[in-house]
>>> print(open('work_39.txt').read())   # compact mmCIF, C-alpha atoms
# COMPACT_ATOMS: atom_id res chain seq x y z
CA MET Q 1 -64.22 -41.80 -44.10
CA ALA Q 2 -64.73 -42.91 -40.53
CA GLY Q 3 -61.95 -45.00 -39.08
CA THR Q 4 -59.36 -43.99 -41.68
CA ARG Q 5 -56.41 -42.10 -40.30
CA VAL Q 6 -55.41 -38.94 -42.13
CA ARG Q 7 -51.80 -39.18 -43.27
CA ALA Q 8 -51.45 -36.10 -45.48
CA LEU Q 9 -52.78 -32.55 -45.35
CA LEU Q 10 -53.18 -30.73 -48.65
CA PHE Q 11 -53.51 -26.97 -48.25
CA ASP Q 12 -55.25 -24.51 -50.45
CA VAL Q 13 -53.04 -21.44 -50.29
CA PHE Q 14 -54.66 -18.16 -51.41
CA GLY Q 15 -56.96 -17.04 -48.60
CA THR Q 16 -56.45 -20.19 -46.53
CA LEU Q 17 -52.80 -19.70 -45.61
CA VAL Q 18 -52.00 -16.21 -46.89
CA ASP Q 19 -53.72 -12.83 -46.94
CA TRP Q 20 -53.58 -12.17 -50.69
CA ARG Q 21 -55.78 -9.05 -50.62
CA ALA Q 22 -53.86 -6.91 -48.17
CA SER Q 23 -50.48 -8.23 -49.32
CA VAL Q 24 -50.96 -7.30 -52.98
CA ALA Q 25 -52.81 -4.04 -52.30
CA ARG Q 26 -50.09 -2.73 -49.95
CA GLN Q 27 -47.41 -3.41 -52.53
CA LEU Q 28 -49.43 -1.77 -55.30
CA GLU Q 29 -50.13 1.26 -53.09
CA ALA Q 30 -46.38 1.77 -52.66
CA PHE Q 31 -45.90 1.34 -56.39
CA GLY Q 32 -48.62 3.91 -57.13
CA ARG Q 33 -47.12 6.49 -54.77
CA GLU Q 34 -43.67 6.02 -56.31
CA ARG Q 35 -44.96 6.26 -59.88
CA GLY Q 36 -47.62 8.91 -59.30
CA ILE Q 37 -50.40 6.56 -60.44
CA ALA Q 38 -53.64 7.21 -58.56
CA CYS Q 39 -55.93 4.26 -57.98
CA ASP Q 40 -58.04 2.59 -55.31
CA TRP Q 41 -55.62 -0.31 -55.15
CA TYR Q 42 -57.79 -2.43 -52.87
CA ALA Q 43 -60.61 -2.16 -55.42
CA PHE Q 44 -58.10 -3.04 -58.14
CA VAL Q 45 -56.98 -6.17 -56.26
CA ASP Q 46 -60.58 -7.18 -55.58
CA ALA Q 47 -61.31 -6.88 -59.30
CA TRP Q 48 -58.14 -8.80 -60.11
CA ARG Q 49 -59.21 -11.65 -57.86
CA ALA Q 50 -62.69 -11.59 -59.39
CA GLU Q 51 -61.14 -12.33 -62.82
CA TYR Q 52 -59.56 -15.49 -61.43
CA PRO Q 53 -62.39 -18.04 -61.92
CA ALA Q 54 -63.28 -17.02 -65.47
CA SER Q 55 -59.65 -17.00 -66.57
CA MET Q 56 -59.15 -20.56 -65.29
CA ASN Q 57 -62.44 -21.77 -66.72
CA GLY Q 58 -61.23 -20.92 -70.20
CA VAL Q 59 -58.46 -23.47 -69.69
CA ARG Q 60 -60.67 -26.01 -67.90
CA SER Q 61 -63.25 -25.94 -70.67
CA GLY Q 62 -60.66 -26.50 -73.38
CA ALA Q 63 -61.45 -23.13 -74.97
CA ARG Q 64 -57.76 -22.27 -74.80
CA PRO Q 65 -54.49 -24.19 -74.32
CA TRP Q 66 -52.91 -24.66 -70.92
CA ALA Q 67 -51.67 -21.43 -69.35
CA ASN Q 68 -50.29 -21.18 -65.84
CA LEU Q 69 -51.57 -18.75 -63.24
CA ASP Q 70 -48.87 -16.15 -63.87
CA GLU Q 71 -49.93 -15.99 -67.52
CA LEU Q 72 -53.61 -15.73 -66.60
CA GLN Q 73 -52.93 -13.08 -63.96
CA GLY Q 74 -50.96 -11.04 -66.49
CA GLU Q 75 -53.85 -11.10 -68.96
CA SER Q 76 -56.28 -10.09 -66.22
CA PHE Q 77 -53.96 -7.27 -65.14
CA ASP Q 78 -54.00 -5.88 -68.69
CA LYS Q 79 -57.81 -5.82 -68.68
CA LEU Q 80 -57.90 -4.00 -65.35
CA VAL Q 81 -55.34 -1.39 -66.38
CA ARG Q 82 -57.74 -0.46 -69.19
CA ARG Q 83 -60.84 -0.71 -66.98
CA PHE Q 84 -59.35 1.51 -64.24
CA GLY Q 85 -57.90 3.94 -66.80
CA LEU Q 86 -54.35 3.68 -65.49
CA GLN Q 87 -51.76 5.60 -67.45
CA GLY Q 88 -48.04 5.00 -67.78
CA VAL Q 89 -48.05 1.29 -66.84
CA THR Q 90 -45.17 -0.38 -68.68
CA PRO Q 91 -44.55 -4.05 -69.56
CA GLU Q 92 -41.96 -4.10 -66.77
CA ASP Q 93 -44.61 -2.82 -64.35
CA ARG Q 94 -46.92 -5.63 -65.49
CA ARG Q 95 -44.28 -8.29 -64.81
CA TRP Q 96 -43.55 -6.75 -61.41
CA ALA Q 97 -47.25 -6.61 -60.47
CA VAL Q 98 -47.87 -10.24 -61.41
CA ARG Q 99 -44.90 -11.25 -59.26
CA ARG Q 100 -46.56 -9.65 -56.20
CA TRP Q 101 -48.61 -12.87 -55.96
CA HIS Q 102 -45.30 -14.66 -55.27
CA ALA Q 103 -44.76 -12.59 -52.09
CA LEU Q 104 -47.89 -12.85 -49.99
CA ASP Q 105 -47.87 -12.61 -46.21
CA PRO Q 106 -49.31 -15.45 -44.12
CA TRP Q 107 -52.15 -15.20 -41.65
CA PRO Q 108 -50.45 -14.76 -38.26
CA GLU Q 109 -50.76 -18.29 -36.88
CA VAL Q 110 -49.91 -20.19 -40.05
CA PRO Q 111 -46.09 -20.63 -40.04
CA ALA Q 112 -45.92 -21.91 -36.46
CA ALA Q 113 -49.00 -24.12 -36.90
CA LEU Q 114 -47.48 -25.81 -39.95
CA GLU Q 115 -44.34 -26.54 -37.95
CA ARG Q 116 -46.49 -28.18 -35.27
CA LEU Q 117 -48.45 -30.23 -37.81
CA HIS Q 118 -45.38 -31.40 -39.69
CA PRO Q 119 -44.27 -34.22 -37.34
CA ARG Q 120 -47.71 -35.87 -37.61
CA TYR Q 121 -48.64 -35.43 -41.28
CA VAL Q 122 -47.18 -35.06 -44.73
CA LEU Q 123 -47.80 -31.42 -45.67
CA ALA Q 124 -48.28 -30.22 -49.24
CA THR Q 125 -49.86 -27.38 -51.14
CA LEU Q 126 -52.73 -28.08 -53.52
CA SER Q 127 -53.20 -24.75 -55.22
CA ASN Q 128 -54.07 -23.28 -58.58
CA GLY Q 129 -50.89 -21.23 -58.33
CA ASN Q 130 -48.04 -22.37 -60.57
CA VAL Q 131 -45.06 -24.20 -59.09
CA GLU Q 132 -42.62 -21.28 -59.26
CA LEU Q 133 -45.16 -19.01 -57.56
CA LEU Q 134 -45.80 -21.50 -54.76
CA VAL Q 135 -42.11 -22.15 -54.10
CA ASN Q 136 -41.40 -18.42 -53.94
CA LEU Q 137 -44.44 -17.81 -51.74
CA ALA Q 138 -43.52 -20.60 -49.32
CA ARG Q 139 -39.99 -19.23 -48.97
CA HIS Q 140 -41.24 -15.66 -48.52
CA ALA Q 141 -43.84 -16.58 -45.91
CA LYS Q 142 -41.67 -19.26 -44.26
CA LEU Q 143 -44.26 -22.00 -44.76
CA ARG Q 144 -43.17 -25.60 -44.11
CA PHE Q 145 -44.19 -28.15 -46.76
CA ASP Q 146 -42.87 -31.54 -47.76
CA THR Q 147 -43.78 -30.97 -51.39
CA ILE Q 148 -45.55 -28.56 -53.72
CA PHE Q 149 -48.59 -29.67 -55.71
CA SER Q 150 -49.94 -27.21 -58.20
CA ALA Q 151 -52.55 -27.17 -60.93
CA GLU Q 152 -49.48 -27.05 -63.16
CA THR Q 153 -48.41 -30.45 -61.79
CA PHE Q 154 -51.53 -32.07 -63.22
CA GLY Q 155 -52.36 -29.81 -66.17
CA HIS Q 156 -55.74 -29.16 -64.55
CA TYR Q 157 -57.16 -26.42 -62.35
CA LYS Q 158 -59.23 -27.12 -59.28
CA PRO Q 159 -61.98 -28.22 -58.99
CA ASP Q 160 -61.06 -30.82 -61.64
CA SER Q 161 -60.81 -34.29 -60.12
CA GLU Q 162 -57.30 -34.77 -61.51
CA THR Q 163 -55.93 -32.31 -58.95
CA TYR Q 164 -57.32 -33.94 -55.80
CA LEU Q 165 -56.84 -37.54 -56.88
CA GLY Q 166 -53.50 -36.79 -58.49
CA ALA Q 167 -52.07 -35.38 -55.28
CA ALA Q 168 -53.20 -38.33 -53.20
CA ASN Q 169 -51.85 -40.77 -55.80
CA LEU Q 170 -48.44 -39.12 -56.03
CA LEU Q 171 -48.10 -39.33 -52.25
CA GLY Q 172 -49.06 -43.01 -52.33
CA PHE Q 173 -52.14 -42.49 -50.17
CA LYS Q 174 -55.78 -43.33 -50.66
CA PRO Q 175 -58.08 -40.33 -51.05
CA GLY Q 176 -59.57 -41.05 -47.60
CA GLU Q 177 -56.10 -40.83 -46.04
CA THR Q 178 -55.72 -37.34 -47.46
CA MET Q 179 -57.39 -34.17 -46.18
CA LEU Q 180 -57.89 -30.90 -48.02
CA VAL Q 181 -57.61 -27.86 -45.75
CA ALA Q 182 -59.24 -24.80 -47.32
CA ALA Q 183 -61.22 -21.65 -46.63
CA HIS Q 184 -63.52 -22.14 -49.62
CA GLU Q 185 -66.58 -24.36 -49.57
CA SER Q 186 -66.59 -25.13 -53.30
CA ASP Q 187 -63.01 -26.40 -53.17
CA LEU Q 188 -63.78 -28.61 -50.19
CA ARG Q 189 -66.99 -29.99 -51.69
CA ALA Q 190 -65.10 -30.97 -54.85
CA ALA Q 191 -62.44 -32.68 -52.73
CA ALA Q 192 -65.10 -34.54 -50.74
CA ALA Q 193 -66.78 -35.68 -53.96
CA ASN Q 194 -63.47 -37.33 -54.85
CA GLY Q 195 -63.21 -39.14 -51.52
CA LEU Q 196 -60.87 -36.79 -49.66
CA ARG Q 197 -61.41 -35.73 -46.08
CA THR Q 198 -62.10 -32.03 -45.52
CA ALA Q 199 -61.32 -29.25 -43.04
CA PHE Q 200 -62.91 -25.83 -43.47
CA VAL Q 201 -60.84 -22.92 -42.14
CA SER Q 202 -62.82 -19.76 -41.43
CA ARG Q 203 -61.09 -16.65 -42.85
CA PRO Q 204 -63.70 -13.89 -42.47
CA ALA Q 205 -61.16 -11.17 -43.35
CA GLU Q 206 -60.14 -12.69 -46.69
CA TYR Q 207 -62.21 -10.36 -48.86
CA GLY Q 208 -61.96 -7.30 -46.62
CA PRO Q 209 -64.38 -5.39 -44.40
CA ALA Q 210 -66.90 -4.60 -47.16
CA VAL Q 211 -67.83 -8.26 -47.60
CA PRO Q 212 -70.38 -9.58 -45.06
CA LYS Q 213 -68.88 -12.00 -42.59
CA LEU Q 214 -69.96 -15.62 -42.49
CA LEU Q 215 -72.28 -15.65 -39.49
CA GLN Q 216 -72.90 -19.40 -39.48
CA LEU Q 217 -70.05 -21.78 -40.21
CA PRO Q 218 -70.79 -24.31 -42.95
CA ALA Q 219 -71.78 -27.89 -42.25
CA GLY Q 220 -70.98 -31.10 -44.02
CA PHE Q 221 -67.19 -31.13 -43.61
CA ASP Q 222 -65.11 -33.39 -41.37
CA HIS Q 223 -63.84 -30.42 -39.38
CA VAL Q 224 -64.60 -26.70 -39.19
CA VAL Q 225 -61.96 -24.55 -37.50
CA GLY Q 226 -61.28 -20.89 -36.86
CA GLY Q 227 -57.60 -21.17 -37.76
CA LEU Q 228 -54.78 -23.66 -38.07
CA ASN Q 229 -54.10 -23.69 -34.34
CA GLU Q 230 -57.47 -25.41 -33.87
CA LEU Q 231 -56.49 -27.95 -36.50
CA VAL Q 232 -53.30 -28.73 -34.57
CA SER Q 233 -55.34 -29.67 -31.52
CA LEU Q 234 -57.52 -32.21 -33.37
CA GLU Q 235 -56.96 -35.91 -33.94
CA LEU Q 236 -57.60 -36.19 -37.68
>>> encode(input="work_39.txt", output="structure tokens")
Amino acid sequence: MAGTRVRALLFDVFGTLVDWRASVARQLEAFGRERGIACDWYAFVDAWRAEYPASMNGVRSGARPWANLDELQGESFDKLVRRFGLQGVTPEDRRWAVRRWHALDPWPEVPAALERLHPRYVLATLSNGNVELLVNLARHAKLRFDTIFSAETFGHYKPDSETYLGAANLLGFKPGETMLVAAHESDLRAAAANGLRTAFVSRPAEYGPAVPKLLQLPAGFDHVVGGLNELVSLEL
């Protein structure tokens, strides 16, 4: 909304701020070596991430009761253990694996960029991760936020309107005073449809080298940046 000053930045987390793919795969590779479980762990993590939308849609559609992301990730993990034919995976291993999503490493510029943005804007997550996950992740990756907003906060997963409008409302801001910062077009388009401002962050390495890179950056957002350092330099 032209002429409206942005007062709060809401950050998508997985892929936008942290490198979920390499972080989880490296930890599972170490686990596999220790336990003697052979697997292409990067392929396993890719498949795990691919289960993410369908698992949330079951909740969004009302086909099942509310379940937080840890619960959904655990159910997806069980499916993949069977699909990949992994032997000797215990319930304790399952709990440990799901918790790897609580300890993801940030993209290199992110922690310092958040510190630089903090004096000018209220900073918050707006993620489908559950609150416990996001708190643990922020502490692990040393990410500076004023508050944590989660799908769990609103009982809705993105891209439901309740998430975007709920976050703006709880901060006491109008949607147009609030900007979603994300690396995913669908998330940003849903935010824009609810009146939020938008900043697309290009993360060509999110899905690994096998996925074709985005050759042309998307249009239709308020800002398109190659990383958070570019966002710091803008007047939002």
>>> closest_residue(input="work_39.txt", among="Q:Pro218, Q:Gly58, Q:Gly227, Q:Pro65", to="His184 (chain Q)", atoms="all atoms listed in the file")
Q:Pro218
>>> residues_near_point(input="work_39.txt", point="(-54.9, -22.5, -50.3)", cutoff="8 Å", atoms="only C-alpha atoms", output="list in words")
Phe11, Asp12, Val13, Phe14, Gly15, Thr16, Leu17, Val18, Thr125, Leu126, Ser127, Val181, Ala182 and Ala183 of chain Q
>>> closest_residue(input="work_39.txt", among="Q:Ala97, Q:Val131, Q:Val59, Q:Ala25", to="Gly74 (chain Q)", atoms="all atoms listed in the file")
Q:Ala97
>>> residues_around(input="work_39.txt", residues="Pro159 (chain Q)", least_positions_apart="3", cutoff="10 Å", atoms="all atoms listed in the file", output="PyMOL selection string")
chain Q and resi 60+128+151+156+162-164+186-191
>>> closest_residue(input="work_39.txt", among="Q:Tyr207, Q:Arg82, Q:Arg94, Q:Phe145", to="Ala43 (chain Q)", atoms="only C-alpha atoms")
Q:Tyr207
>>> residues_around(input="work_39.txt", residues="Glu75 (chain Q)", least_positions_apart="6", cutoff="12 Å", atoms="all atoms listed in the file", output="list in words")
Trp48, Glu51, Tyr52, Ala54, Ser55, Met56, Ala67, Asn68, Leu69, Val81, Arg82, Pro91, Arg94, Arg95, Ala97 and Val98 of chain Q
>>> closest_residue(input="work_39.txt", among="Q:Tyr157, Q:Pro108, Q:His102, Q:Phe200", to="Val135 (chain Q)", atoms="all atoms listed in the file")
Q:His102
